[in-house]
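Next up, input-v8.txt (compact mmCIF, C-alpha atoms):
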```txt
# COMPACT_ATOMS: atom_id res chain seq x y z
CA MET W 1 2.67 3.05 -2.71
CA ARG W 2 6.25 1.88 -2.85
CA THR W 3 7.51 2.84 -6.26
CA THR W 4 10.98 2.59 -7.65
CA THR W 5 11.35 6.36 -7.67
CA ARG W 6 11.89 6.14 -3.93
CA LEU W 7 15.21 4.44 -4.50
CA VAL W 8 16.71 7.76 -5.54
CA ALA W 9 16.85 9.00 -1.96
CA ALA W 10 17.87 5.72 -0.34
CA ALA W 11 21.49 6.60 0.40
CA ALA W 12 20.66 10.02 1.78
CA THR W 13 17.85 8.51 3.84
CA THR W 14 20.21 6.11 5.56
CA VAL W 15 22.28 9.03 6.82
CA LEU W 16 19.17 10.84 8.01
CA LEU W 17 17.88 7.78 9.84
CA VAL W 18 21.13 7.30 11.71
CA SER W 19 21.22 10.92 12.80
CA GLY W 20 17.47 11.02 13.54
CA CYS W 21 17.42 8.00 15.82
CA SER W 22 19.85 9.24 18.40
CA GLY W 23 18.57 7.29 21.37
CA SER W 24 17.89 10.49 23.33
CA ASP W 25 15.20 10.23 25.99
CA GLY W 26 13.46 13.23 24.40
CA ASP W 27 13.43 15.38 27.56
CA ALA W 28 15.15 18.77 27.74
CA ALA W 29 16.51 20.28 30.95
CA ASP W 30 13.60 22.73 31.01
CA GLY W 31 11.07 19.88 30.90
CA ARG W 32 10.18 20.26 27.24
CA ILE W 33 9.47 16.95 25.52
CA THR W 34 10.85 16.17 22.06
CA LEU W 35 9.22 13.41 20.03
CA ARG W 36 10.81 12.01 16.89
CA PHE W 37 8.35 11.41 14.05
CA GLN W 38 9.75 9.20 11.31
CA SER W 39 7.81 9.85 8.11
CA LEU W 40 7.98 7.79 4.93
CA ALA W 41 6.47 10.54 2.79
CA TRP W 42 8.46 10.73 -0.44
CA GLN W 43 6.53 12.76 -3.00
CA ASP W 44 7.38 16.46 -2.83
CA GLU W 45 3.79 17.41 -2.05
CA SER W 46 3.51 14.81 0.68
CA VAL W 47 6.81 15.74 2.33
CA ALA W 48 5.76 19.39 2.28
CA VAL W 49 2.39 18.65 3.90
CA ASN W 50 3.93 16.51 6.63
CA LYS W 51 6.52 19.16 7.44
CA GLU W 52 3.85 21.88 7.45
CA LEU W 53 1.74 19.88 9.92
CA VAL W 54 4.74 19.30 12.18
CA LYS W 55 5.44 23.03 12.10
CA GLU W 56 1.80 23.83 12.96
CA TRP W 57 1.88 21.37 15.87
CA ASN W 58 5.11 22.83 17.25
CA ALA W 59 3.72 26.36 17.06
CA ALA W 60 0.68 25.34 19.10
CA HIS W 61 2.47 23.01 21.54
CA PRO W 62 5.70 24.61 22.76
CA ASP W 63 6.10 22.05 25.56
CA VAL W 64 5.87 19.02 23.23
CA ARG W 65 8.11 19.53 20.22
CA VAL W 66 8.01 17.09 17.30
CA GLU W 67 11.17 16.50 15.26
CA TYR W 68 10.62 15.38 11.66
CA VAL W 69 12.84 12.45 10.58
CA GLN W 70 12.84 11.33 6.95
CA GLY W 71 12.55 7.59 6.36
CA SER W 72 12.39 5.42 3.25
CA TRP W 73 9.91 2.75 2.16
CA ASP W 74 12.74 0.79 0.59
CA SER W 75 14.53 0.05 3.86
CA VAL W 76 11.95 0.67 6.58
CA HIS W 77 11.51 -2.89 7.88
CA ASP W 78 15.18 -3.61 8.45
CA GLN W 79 15.87 -0.09 9.66
CA LEU W 80 13.08 -0.27 12.24
CA LEU W 81 14.14 -3.70 13.43
CA THR W 82 17.67 -2.42 13.99
CA SER W 83 16.48 0.69 15.79
CA PHE W 84 14.08 -1.28 18.00
CA GLU W 85 16.74 -3.74 19.03
CA GLY W 86 19.19 -0.91 19.66
CA GLY W 87 16.74 1.07 21.77
CA GLU W 88 16.82 3.99 19.33
CA ALA W 89 13.44 3.75 17.64
CA PRO W 90 11.51 6.90 16.68
CA ASP W 91 8.65 7.74 19.03
CA ILE W 92 6.06 8.00 16.23
CA ILE W 93 6.42 5.56 13.35
CA HIS W 94 5.01 5.81 9.84
CA ASP W 95 4.72 2.41 8.15
CA ALA W 96 2.25 0.15 6.34
CA SER W 97 -0.09 -2.29 8.04
CA ASP W 98 1.38 -5.36 6.34
CA ASP W 99 4.74 -4.58 7.96
CA LEU W 100 3.48 -4.37 11.55
CA ALA W 101 2.82 -7.98 12.59
CA ASP W 102 6.37 -8.94 13.58
CA PHE W 103 6.87 -5.65 15.41
CA ALA W 104 3.54 -5.91 17.24
CA TYR W 105 4.02 -9.52 18.31
CA GLY W 106 7.65 -8.77 19.16
CA GLY W 107 6.63 -6.17 21.73
CA TYR W 108 8.19 -3.22 19.90
CA LEU W 109 4.97 -1.25 19.34
CA ALA W 110 2.66 0.23 21.95
CA ASP W 111 -0.91 -1.05 22.25
CA LEU W 112 -2.95 2.05 21.41
CA ASP W 113 -6.35 0.62 22.33
CA GLY W 114 -6.74 2.56 25.57
CA LEU W 115 -4.96 5.67 24.35
CA LEU W 116 -6.87 6.60 21.20
CA PRO W 117 -9.54 9.31 21.42
CA ASP W 118 -13.11 8.21 20.76
CA ARG W 119 -13.38 10.63 17.83
CA LEU W 120 -10.62 8.86 15.96
CA LYS W 121 -11.97 5.39 16.78
CA ARG W 122 -15.40 6.30 15.41
CA ASP W 123 -14.13 8.09 12.33
CA ILE W 124 -12.12 5.19 10.89
CA PRO W 125 -14.22 2.18 9.78
CA GLU W 126 -13.81 -1.18 11.46
CA GLN W 127 -12.44 -2.89 8.33
CA SER W 128 -9.55 -0.43 8.40
CA TRP W 129 -8.91 -0.98 12.10
CA GLU W 130 -8.73 -4.72 11.43
CA THR W 131 -5.50 -4.11 9.52
CA THR W 132 -3.71 -2.97 12.69
CA LYS W 133 -5.17 -5.38 15.26
CA PHE W 134 -2.87 -8.14 16.44
CA GLY W 135 -4.08 -10.40 19.22
CA ASP W 136 -6.02 -8.23 21.66
CA GLY W 137 -4.26 -4.96 20.86
CA VAL W 138 -4.27 -2.14 18.32
CA TYR W 139 -0.76 -1.29 17.16
CA GLY W 140 -1.27 1.41 14.57
CA VAL W 141 -3.72 3.94 13.20
CA PRO W 142 -4.56 3.29 9.51
CA PHE W 143 -4.88 6.64 7.77
CA LEU W 144 -4.19 6.43 4.02
CA GLN W 145 -5.16 3.69 1.59
CA GLU W 146 -4.57 3.05 -2.09
CA PRO W 147 -6.78 0.95 -4.36
CA ARG W 148 -5.35 -0.45 -7.57
CA VAL W 149 -6.87 0.96 -10.72
CA LEU W 150 -6.38 0.71 -14.47
CA ILE W 151 -4.79 3.78 -16.01
CA ALA W 152 -5.85 3.72 -19.66
CA ASN W 153 -5.07 5.58 -22.88
CA LYS W 154 -8.38 7.34 -23.52
CA LYS W 155 -7.82 7.61 -27.26
CA PHE W 156 -7.20 3.86 -27.64
CA LEU W 157 -10.26 3.00 -25.55
CA GLU W 158 -12.59 5.22 -27.53
CA ALA W 159 -11.25 3.93 -30.86
CA SER W 160 -11.95 0.33 -29.86
CA ASP W 161 -15.19 -1.62 -29.50
CA VAL W 162 -14.53 -2.59 -25.87
CA ARG W 163 -17.09 -1.67 -23.26
CA ILE W 164 -15.67 1.04 -21.03
CA PRO W 165 -16.05 -0.15 -17.43
CA THR W 166 -17.44 1.97 -14.60
CA VAL W 167 -17.38 1.62 -10.83
CA GLU W 168 -20.99 0.42 -11.02
CA GLN W 169 -20.22 -2.04 -13.84
CA PRO W 170 -16.54 -2.97 -13.82
CA TRP W 171 -15.07 -5.55 -16.14
CA THR W 172 -15.03 -9.13 -14.97
CA TRP W 173 -11.62 -10.76 -15.19
CA PRO W 174 -12.60 -12.65 -18.39
CA GLU W 175 -13.86 -9.34 -19.86
CA PHE W 176 -10.59 -7.67 -18.93
CA ARG W 177 -8.65 -10.42 -20.67
CA SER W 178 -10.81 -10.02 -23.80
CA ALA W 179 -10.47 -6.23 -23.72
CA ALA W 180 -6.68 -6.49 -23.52
CA LYS W 181 -6.68 -8.76 -26.58
CA GLU W 182 -8.89 -6.39 -28.55
CA LEU W 183 -6.78 -3.37 -27.62
CA THR W 184 -3.66 -5.27 -28.71
CA ALA W 185 -5.26 -5.70 -32.14
CA GLY W 186 -5.78 -1.92 -32.32
CA GLU W 187 -3.27 0.90 -32.17
CA ALA W 188 -1.36 -0.28 -29.07
CA GLU W 189 1.45 -2.82 -29.28
CA TYR W 190 0.09 -4.41 -26.09
CA GLY W 191 -3.30 -4.09 -24.47
CA VAL W 192 -1.81 -4.08 -20.99
CA ALA W 193 1.53 -3.74 -19.21
CA TRP W 194 1.83 -5.48 -15.84
CA PRO W 195 4.64 -3.89 -13.78
CA LEU W 196 5.31 -6.74 -11.37
CA LYS W 197 8.79 -6.20 -9.98
CA ASP W 198 7.03 -6.59 -6.61
CA PRO W 199 4.27 -9.03 -7.60
CA VAL W 200 3.05 -10.24 -4.21
CA SER W 201 0.87 -7.42 -2.93
CA ALA W 202 -0.70 -6.86 -6.36
CA THR W 203 -1.51 -10.54 -6.72
CA LEU W 204 -2.88 -11.06 -3.22
CA ASN W 205 -4.90 -7.84 -3.11
CA LEU W 206 -6.49 -8.20 -6.55
CA SER W 207 -7.27 -11.85 -5.77
CA ARG W 208 -9.64 -10.77 -3.03
CA SER W 209 -12.10 -9.96 -5.81
CA THR W 210 -12.20 -13.65 -6.78
CA GLY W 211 -12.41 -14.86 -3.18
CA GLY W 212 -8.69 -15.52 -2.82
CA GLN W 213 -7.42 -15.64 0.74
CA LEU W 214 -4.27 -17.83 0.66
CA PHE W 215 -3.62 -17.49 4.40
CA HIS W 216 -5.91 -19.46 6.71
CA ARG W 217 -5.95 -19.23 10.50
CA GLY W 218 -6.89 -22.41 12.34
CA ALA W 219 -8.53 -23.06 15.70
CA ASP W 220 -5.06 -23.15 17.26
CA ASP W 221 -4.53 -19.57 15.98
CA LYS W 222 -1.77 -20.75 13.64
CA VAL W 223 -1.72 -19.67 9.99
CA THR W 224 -1.19 -22.03 7.07
CA ILE W 225 -1.15 -21.43 3.33
CA ARG W 226 -3.61 -23.08 0.94
CA TYR W 227 -3.70 -22.30 -2.77
CA THR W 228 -7.24 -22.72 -4.09
CA GLY W 229 -8.94 -22.05 -7.40
CA ALA W 230 -9.98 -18.64 -6.07
CA ASP W 231 -6.33 -17.81 -5.38
CA ALA W 232 -5.26 -19.01 -8.83
CA GLU W 233 -7.77 -17.07 -10.97
CA VAL W 234 -6.07 -13.67 -11.14
CA PRO W 235 -2.52 -15.08 -11.52
CA ALA W 236 -3.82 -17.27 -14.37
CA VAL W 237 -5.19 -14.22 -16.23
CA ILE W 238 -1.84 -12.42 -15.95
CA HIS W 239 0.09 -15.56 -16.97
CA ASP W 240 -2.14 -16.15 -19.98
CA GLN W 241 -2.04 -12.54 -21.13
CA VAL W 242 1.76 -12.72 -21.23
CA ASN W 243 2.32 -16.27 -22.43
CA ASN W 244 -0.77 -17.24 -24.44
CA ASP W 245 -2.59 -14.12 -25.66
CA GLY W 246 0.35 -11.84 -26.37
CA SER W 247 -1.76 -9.01 -24.99
CA ALA W 248 0.64 -8.20 -22.13
CA SER W 249 4.32 -7.43 -22.42
CA GLY W 250 6.65 -9.89 -20.73
CA ALA W 251 9.32 -7.17 -20.63
CA THR W 252 7.39 -5.19 -18.00
CA LEU W 253 7.17 -8.04 -15.48
CA GLY W 254 10.44 -6.98 -13.91
CA MET W 255 9.55 -3.28 -13.90
CA GLY W 256 8.20 -0.99 -11.25
CA GLY W 257 5.16 1.09 -12.09
CA SER W 258 7.16 4.19 -12.97
CA ASP W 259 9.23 2.23 -15.49
CA THR W 260 6.15 1.53 -17.63
CA LEU W 261 5.09 5.14 -17.99
CA PRO W 262 7.34 6.11 -20.93
CA GLY W 263 5.94 3.18 -22.94
CA PHE W 264 2.41 4.07 -21.87
CA PHE W 265 2.87 7.69 -23.00
CA GLY W 266 4.43 6.49 -26.24
CA GLY W 267 1.42 4.34 -27.14
CA LYS W 268 3.10 0.99 -26.55
CA TYR W 269 0.60 -0.05 -23.85
CA ALA W 270 -3.11 0.76 -23.80
CA MET W 271 -3.53 0.13 -20.06
CA VAL W 272 -1.36 -0.17 -16.96
CA PRO W 273 -2.66 -1.51 -13.62
CA LEU W 274 -1.22 0.84 -11.00
CA GLY W 275 -1.76 2.12 -7.51
CA PHE W 276 -4.06 5.14 -7.29
CA SER W 277 -1.21 7.48 -6.32
CA TYR W 278 0.55 7.08 -9.68
CA ARG W 279 -1.82 9.70 -11.07
CA GLN W 280 0.52 12.38 -9.78
CA GLN W 281 3.46 11.03 -11.79
CA ILE W 282 1.27 10.77 -14.87
CA ILE W 283 0.20 14.41 -14.53
CA GLN W 284 3.81 15.49 -14.09
CA GLN W 285 5.30 13.38 -16.88
CA ALA W 286 2.64 12.93 -19.57
CA PRO W 287 3.37 14.74 -22.84
CA LYS W 288 1.16 17.67 -23.76
CA GLY W 289 -2.17 16.55 -25.18
CA PHE W 290 -1.94 12.99 -23.85
CA GLU W 291 -5.41 11.88 -22.71
CA TRP W 292 -5.77 9.27 -19.99
CA THR W 293 -8.50 8.00 -17.74
CA VAL W 294 -8.88 6.03 -14.51
CA LEU W 295 -10.85 2.76 -14.68
CA PRO W 296 -11.76 0.45 -11.79
CA ALA W 297 -9.83 -2.80 -11.44
CA PRO W 298 -11.66 -5.93 -12.70
CA ALA W 299 -14.21 -7.63 -10.46
CA GLY W 300 -14.62 -11.29 -9.59
CA ALA W 301 -17.03 -13.53 -7.69
CA ASP W 302 -16.72 -11.18 -4.69
CA GLY W 303 -17.36 -8.08 -6.79
CA ALA W 304 -14.95 -5.16 -6.91
CA THR W 305 -13.43 -6.07 -3.55
CA GLN W 306 -9.70 -5.71 -3.26
CA GLY W 307 -7.24 -5.85 -0.42
CA VAL W 308 -5.27 -2.90 0.86
CA SER W 309 -2.49 -2.40 3.38
CA PRO W 310 -3.12 1.12 4.67
CA GLN W 311 -0.35 3.44 5.69
CA THR W 312 -0.20 3.57 9.47
CA LEU W 313 1.03 5.63 12.39
CA SER W 314 2.30 3.71 15.42
CA VAL W 315 3.99 4.50 18.73
CA ALA W 316 7.15 2.80 19.96
CA GLU W 317 6.64 0.74 23.10
CA ASP W 318 9.84 2.14 24.60
CA THR W 319 8.84 5.79 24.37
CA ARG W 320 8.26 7.50 27.70
CA HIS W 321 5.64 9.76 26.18
CA LYS W 322 2.90 7.59 24.70
CA GLU W 323 0.04 9.98 25.49
CA GLU W 324 1.84 12.91 23.87
CA ALA W 325 2.67 10.78 20.82
CA VAL W 326 -0.98 9.77 20.44
CA ALA W 327 -2.03 13.41 20.81
CA PHE W 328 0.22 14.29 17.87
CA ILE W 329 -1.27 11.44 15.81
CA ASP W 330 -4.75 12.71 16.64
CA PHE W 331 -3.71 16.16 15.46
CA LEU W 332 -2.29 14.80 12.19
CA LEU W 333 -5.51 12.89 11.56
CA GLN W 334 -8.06 15.59 12.21
CA PRO W 335 -10.38 15.42 9.16
CA GLU W 336 -9.05 18.56 7.52
CA ASN W 337 -5.46 17.41 8.05
CA MET W 338 -6.21 13.91 6.81
CA VAL W 339 -7.54 15.44 3.60
CA ARG W 340 -4.28 17.38 3.22
CA LEU W 341 -2.25 14.21 3.74
CA ALA W 342 -4.38 12.30 1.23
CA GLN W 343 -4.04 15.02 -1.39
CA GLY W 344 -0.30 15.26 -0.80
CA ASP W 345 0.13 11.51 -1.33
CA TRP W 346 -2.60 11.26 -4.01
CA MET W 347 -4.30 8.52 -1.97
CA LEU W 348 -7.59 8.07 -0.13
CA PRO W 349 -8.09 8.79 3.58
CA THR W 350 -9.52 6.05 5.76
CA GLY W 351 -11.50 8.50 7.89
CA THR W 352 -15.14 8.82 6.86
CA ALA W 353 -15.23 12.58 7.52
CA ALA W 354 -12.15 13.21 5.37
CA LEU W 355 -13.34 10.86 2.63
CA ALA W 356 -16.55 12.87 2.33
CA ASP W 357 -14.64 16.05 1.48
CA PRO W 358 -15.85 17.35 -1.91
CA SER W 359 -12.29 17.80 -3.17
CA LEU W 360 -11.89 14.01 -3.22
CA HIS W 361 -15.00 13.48 -5.34
CA THR W 362 -14.19 15.52 -8.42
CA ALA W 363 -14.01 13.82 -11.81
CA LYS W 364 -10.72 15.60 -12.51
CA ASP W 365 -7.70 13.28 -12.34
CA GLY W 366 -9.90 10.31 -11.41
CA TRP W 367 -10.52 11.31 -7.79
CA SER W 368 -14.21 10.37 -7.92
CA THR W 369 -13.43 6.90 -9.27
CA GLY W 370 -11.00 6.21 -6.45
CA ALA W 371 -13.32 7.57 -3.77
CA ALA W 372 -16.13 5.34 -5.04
CA LEU W 373 -13.87 2.29 -4.72
CA ALA W 374 -13.22 2.96 -1.03
CA ARG W 375 -16.33 1.05 0.07
CA ASP W 376 -14.92 -2.17 -1.40
CA LEU W 377 -11.48 -2.01 0.21
CA LEU W 378 -10.78 -4.76 2.73
CA PRO W 379 -7.67 -5.81 4.67
CA ALA W 380 -4.99 -7.46 2.58
CA PRO W 381 -4.84 -11.22 3.21
CA ALA W 382 -1.47 -11.18 5.01
CA GLN W 383 -2.17 -8.43 7.54
CA THR W 384 -1.73 -10.46 10.73
CA VAL W 385 0.63 -13.14 9.43
CA ARG W 386 3.95 -13.40 11.26
CA GLY W 387 6.82 -14.05 8.90
CA TYR W 388 5.06 -12.47 5.93
CA PRO W 389 8.02 -10.22 4.95
CA GLU W 390 10.35 -13.23 4.76
CA TRP W 391 7.78 -15.35 2.91
CA LYS W 392 7.20 -12.54 0.44
CA ASP W 393 10.88 -11.91 -0.27
CA LYS W 394 12.25 -15.45 -0.25
CA VAL W 395 9.33 -17.55 -1.50
CA ALA W 396 6.45 -15.70 -3.13
CA THR W 397 8.28 -13.03 -5.13
CA PRO W 398 10.58 -15.38 -7.07
CA ALA W 399 7.83 -18.00 -7.50
CA LEU W 400 5.32 -15.52 -8.93
CA GLN W 401 7.91 -13.87 -11.14
CA GLU W 402 8.81 -17.25 -12.67
CA TYR W 403 5.16 -18.21 -13.10
CA TYR W 404 4.24 -14.97 -14.83
CA SER W 405 7.22 -15.25 -17.18
CA GLY W 406 6.22 -18.81 -18.12
CA ALA W 407 9.28 -20.45 -16.52
CA ILE W 408 7.14 -22.61 -14.19
CA ASP W 409 3.56 -23.89 -14.34
CA ARG W 410 0.72 -23.55 -11.86
CA ALA W 411 1.56 -26.83 -10.09
CA GLU W 412 5.10 -25.69 -9.36
CA LEU W 413 3.84 -22.27 -8.27
CA GLU W 414 1.43 -23.88 -5.83
CA LYS W 415 4.14 -26.18 -4.49
CA ARG W 416 6.47 -23.31 -3.75
CA LEU W 417 3.86 -21.00 -2.25
CA VAL W 418 2.38 -23.72 -0.06
CA LYS W 419 5.17 -26.15 0.84
CA ASP W 420 8.04 -23.68 1.05
CA GLY W 421 5.78 -20.97 2.43
CA ASN W 422 4.44 -23.06 5.30
CA LEU W 423 7.99 -23.95 6.33
CA VAL W 424 8.74 -20.23 6.65
CA LEU W 425 5.57 -19.45 8.62
CA ALA W 426 6.07 -22.42 10.93
CA ARG W 427 9.32 -20.94 12.23
CA TYR W 428 7.46 -17.83 13.39
CA GLN W 429 4.66 -19.77 15.10
CA ARG W 430 6.51 -22.23 17.30
```
Mind turning this structure into structure tokens?
Amino acid sequence: MRTTTRLVAAAATTVLLVSGCSGSDGDAADGRITLRFQSLAWQDESVAVNKELVKEWNAAHPDVRVEYVQGSWDSVHDQLLTSFEGGEAPDIIHDASDDLADFAYGGYLADLDGLLPDRLKRDIPEQSWETTKFGDGVYGVPFLQEPRVLIANKKFLEASDVRIPTVEQPWTWPEFRSAAKELTAGEAEYGVAWPLKDPVSATLNLSRSTGGQLFHRGADDKVTIRYTGADAEVPAVIHDQVNNDGSASGATLGMGGSDTLPGFFGGKYAMVPLGFSYRQQIIQQAPKGFEWTVLPAPAGADGATQGVSPQTLSVAEDTRHKEEAVAFIDFLLQPENMVRLAQGDWMLPTGTAALADPSLHTAKDGWSTGAALARDLLPAPAQTVRGYPEWKDKVATPALQEYYSGAIDRAELEKRLVKDGNLVLARYQR
């Protein structure tokens, strides 16, 4: 969801954010309300759909005008924190569920529980709502989600003796490791490329398939970190592929997903684990005649389960127009509009009505594979953990990067994640 291609617009985005968050009360002299909607859409199709929907809303609601403000995934947490503290936050906020905890507990986001229409509450499954519940409130509407899949070179797969996995019979993690070794012995230089510049979400979410949880909430409602065998299984596979098997390229560990695509197209890698939305980039960039396919991620003791942090829409606590802001969110997330948003971002909608749309179940471009995975998507382990952004940036990212490269062993990884991590979380739970 947050690829390195988004960095291109970072500088321009900063200017837009400053001008978009003006601190105006949103009321015109004639009584017309203006709401600022900060969107993090970045793909051309997605930006176009969001702007079209804003235009359609404004045409139908002349007394409640919505102003589109472009944001950036790369800077959204710090930018929002600054705007909240300065009293200049957008009225309607696009973010991801794993970024909401500090804002919700800090009183910056409105509790939507009593404002949401029943239609929207019923349409989105409970496991998705769990990603935006903090304490007794609901602080965002989860609307788009992205499973991780394996994008594979179809020619290499068919030329090998590996069993091709399906949604009904995915590879186990040991099978995946064996398949990567066999594909390395074939035409590809490496069976798999792991782009792990941002290794934390990939590691935690894929580890849900093996029963990994990492964060544990006690009877006192405080969260502590424990690193169990279930948490260690997926990281061990990645570590061993790079350092023992030679089936994964160590050079890609510092890359974003987009950075691996030229090597994938050139036959250097047989498979790349990526977010579902990367299919759009592959379609745009793949050379003529290149054949690729979408495979489900490996399964563990808990089956094909994986964690997700859905994209969310929230309302600022300080806005004077909460009901109007929620009405706009309800408009954006009408089933037909949710389908448009999902197609624009190449993701899956959370809403059951939108997910049932036939256009999301075609075999073309792997849509049917992704839609079939939706039933196994659960909240990412860190959804309600205060201090997660700091833990991720200062503790987990460097520790996992060093472990995957072979610089530290599992014992040192566990020490850092647990000992250093609990010190970080403790500061947020005093």
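With distances taken over all atoms listed in the file, W:Lys392 is the one residue among W:Lys392, W:Lys55, W:Lys154, W:Arg32 lying closest to W:Leu425.
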Polymer residues at most 6 Å from (-7.5, 13.9, 19.1) by all atoms listed in the file, as an MDAnalysis selection string = chainID W and resid 117 327 330:331
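Comparing the minimum interatomic distances between W:Val242 and each of W:Ala316, W:Met255, W:Ala188, W:Ala193, counting only C-alpha atoms, we find that W:Ala193 sits nearest.
Using only C-alpha atoms for every distance, the candidate list W:Phe156, W:Phe264, W:Phe328, W:Trp194 yields W:Phe156 as the residue closest to W:Ala179.
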inquiry  = Using only C-alpha atoms, which protein or nucleic acid residues come within 8 Å of W:Trp57? Drop anything in the same chain fewer than 3 positions from it, and give the result as a PyMOL selection string.
reply    = chain W and resi 53-54+60-61+65-66+328+331
